[in-house]
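Undergrad: Sharing a structure, written as structure tokens. Questions coming.
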Amino acid sequence: MESMILQLSYLIGSVTFIMGLKMLSHPDSARKGNIVAAVGMTIAIFATIFLYRNSAGEGLHNYGWIFAGLAIGTIVGTLAAKKVQMTAMPEMVSLFNGMGGACAMLISMVEYNHMQHGGGTAGTGTMLVIVLGMIIGTVSFAGSIIAWGKLNGSIKDRTIPAGQMLNFLILGGIVALSVMMIGGMAGGNGIFYGIAGLAAMYGILFVMPIGGADMPVVISLLNSFTGCAAAFGGFLYDNPVMLTGGILVGSAGTILTILMCKAMNRSLKNVLIGSFGGAKAGSGGGGSKEQGAYKEISLNDTATLMAYASKVMIIPGYGLAVAQAQHTCHELEKILNEKGVEVSYGIHPVAGRMPGHMNVLLAEADVQYDKLLEMEDANDQMGSTNVILILGANDVVNPAAKEDPASPIYGMPILEVERAEHVIVNKRSMKPGYAGIENELFFRPKSSMLFGDAKKVLQSLVSELKQM
């Protein structure tokens, strides 16, 4: 009876994971989807704790340690999630993802140690699952921690001399040692933990040189790695809910990675070895030629242009997140709507620091989902738009991606803002964007610069518009 209830709990958990993932596809149902999946996970966890029995009919032990771990993890996770700012959300995603990879790594290590202390020998299939789970989990953990450091600014892009060759050598060593261990040609703690050490080195070295503009793709890729590692844990324990969850995360992360690469018109191989966005400021993107002068626009002139426009499009970027200006931006949108102005948002797939960053940001401010236009739809409407207001976006509107073959971002699809009548760019300064290259858009005839913190600028625009 207990076994039947346990299997039913796993089935419920698997179904709720699928339902939750489906509901995450739309902001209106995303919050409910998270809750549904969390409920399924909770059922699976407590069913395992109280109903699991091994082949000898024994249940779990050490309930004190189990519930202490659950309590500590719940408290730390809840507090971290409540306190994190939207600007730091990408770092938190990377950190949480790294913890998932570490968990998969530790599962493989624990099971390997159990096998060693038990004096038994694992079959080829079991050893394959243990080794692959450990490798992928370790790479995900090490890579995610480096990504976390790069996103919060504590780790800088570093290109190691002959780094690609070194990575290939490390990867070759991992494959060779793994084949020897899985095939029974060699064994022992030295080789097993040697593979783990090489996997950690590989995770660090393959993420370290990747430039800022590629970080959303890397986060998505590492997320898929963690899912695959968790799936191996499901195989190892013959646990269907772990297997289902891992497969869903792994497949969703892989699909998202492919879609983001397509959105940037680049291959995954090019992302991983091309160091896109790793160029220094002033290199590529027109940085080596004289740009001319840019022109500024006042708050009053900006408010006037927007108030008498028929169609305004807002392009959100990381600067909007830094200023935590999403609610003020929504207020600006509502005031313009009251004046008969049609307002929409142009969303580039890699705007921000993680996949969907701008969508999450604007959903938090209750912006209607149908006003968020994907890049292709936004570009279709550029020609009929009177005013474009760019809030902290940089690389995703840089015309060098279309016009300058020497630019590191050449070939990346962009939001074609120059097709509109007026382009107003809000930035704190003329510093390059996250990709480290200068934006030619700022010096174009249709462009005007509106300097200042996004939130303060938007608040001033709201005040100006209310007086008109």
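We label chains A, B, ... in the order they appear in the structure tokens, count residues from 1 in each chain, and number ligands from 1 in the order shown.
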Write out as an NGL selection string all residues of range 167-373 of chain A that backbone DSSP assigns to strand (DSSP E).

TA: :A and (311-316 or 342-347 or 372-373)

Undergrad: Taking N, CA and C atoms for each residue, export the selection above as a compact mmCIF listing (two decimals), in the first residue's frame.

TA:
# COMPACT_ATOMS: atom_id res chain seq x y z
N LYS A 311 2.00 57.28 -31.81
CA LYS A 311 2.51 55.95 -31.47
C LYS A 311 3.90 56.06 -30.86
N VAL A 312 4.06 55.51 -29.66
CA VAL A 312 5.35 55.52 -28.94
C VAL A 312 5.73 54.08 -28.62
N MET A 313 7.00 53.77 -28.81
CA MET A 313 7.49 52.44 -28.44
C MET A 313 8.64 52.60 -27.45
N ILE A 314 8.57 51.86 -26.35
CA ILE A 314 9.61 51.89 -25.32
C ILE A 314 10.49 50.65 -25.47
N ILE A 315 11.80 50.86 -25.49
CA ILE A 315 12.75 49.75 -25.58
C ILE A 315 13.45 49.62 -24.23
N PRO A 316 13.07 48.64 -23.40
CA PRO A 316 13.69 48.50 -22.09
C PRO A 316 15.02 47.76 -22.16
N GLU A 342 -0.76 55.61 -28.43
CA GLU A 342 -0.61 54.16 -28.39
C GLU A 342 0.82 53.82 -27.93
N VAL A 343 0.94 53.02 -26.89
CA VAL A 343 2.26 52.69 -26.33
C VAL A 343 2.49 51.18 -26.37
N SER A 344 3.66 50.79 -26.82
CA SER A 344 4.04 49.38 -26.81
C SER A 344 5.49 49.27 -26.37
N TYR A 345 5.94 48.04 -26.17
CA TYR A 345 7.31 47.79 -25.72
C TYR A 345 7.99 46.84 -26.71
N GLY A 346 9.18 47.20 -27.15
CA GLY A 346 9.96 46.34 -28.03
C GLY A 346 10.94 45.53 -27.21
N ILE A 347 10.82 44.21 -27.26
CA ILE A 347 11.64 43.33 -26.41
C ILE A 347 12.60 42.52 -27.27
N LEU A 372 3.86 43.77 -25.00
CA LEU A 372 5.25 43.38 -25.14
C LEU A 372 5.45 42.72 -26.50
N LEU A 373 6.11 43.44 -27.39
CA LEU A 373 6.30 42.95 -28.76
C LEU A 373 7.64 42.26 -28.89

Undergrad: Per residue of range 207-248 of chain A within 10 Å of range 16-27 of chain A, note the shortest atom pair and the distance in Å to one decimal, counting only C-alpha atoms, and order the rows by chain and increasing residue number, as a tab-separated table.

TA:
residue	atom	partner	partner_atom	distance
A:Val241	CA	A:Phe17	CA	8.8
A:Thr244	CA	A:Phe17	CA	7.9
A:Gly245	CA	A:Phe17	CA	6.6
A:Leu248	CA	A:Ile18	CA	7.6

Undergrad: Output C-alpha atoms for every residue in the selection just made, as a PDB file, in the first residue's frame.

TA:
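The new file part_34.pdb reads:
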ATOM      1  CA  VAL A 241       9.868  12.426 -10.414  1.00  0.00           C
ATOM      2  CA  THR A 244      10.843  13.885 -15.186  1.00  0.00           C
ATOM      3  CA  GLY A 245      12.007  17.111 -13.546  1.00  0.00           C
ATOM      4  CA  LEU A 248      11.987  18.973 -18.389  1.00  0.00           C
TER       5      LEU A 248
END

Undergrad: Nearest to Ala102 in chain A: which of A:Gly194, A:Gly392, A:Gly59, A:Gly143 is it, counting only C-alpha atoms?

TA: A:Gly143

Undergrad: List every residue of range 132-371 of chain A that DSSP, applied to the backbone, labels as helix (DSSP H, G or I), and write the result as a ChimeraX atom specification.

TA: /A:132-151,163-182,189-207,212-237,240-263,268-274,299-307,318-322,326-338,357-364,369-371

Undergrad: Quick one: pull the distance between CA of Pro405 in chain A and CA of Ser267 in chain A, Å, one decimal.

TA: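 Straight-line distance from CA of Pro405 in chain A to CA of Ser267 in chain A works out to 17.1 Å.
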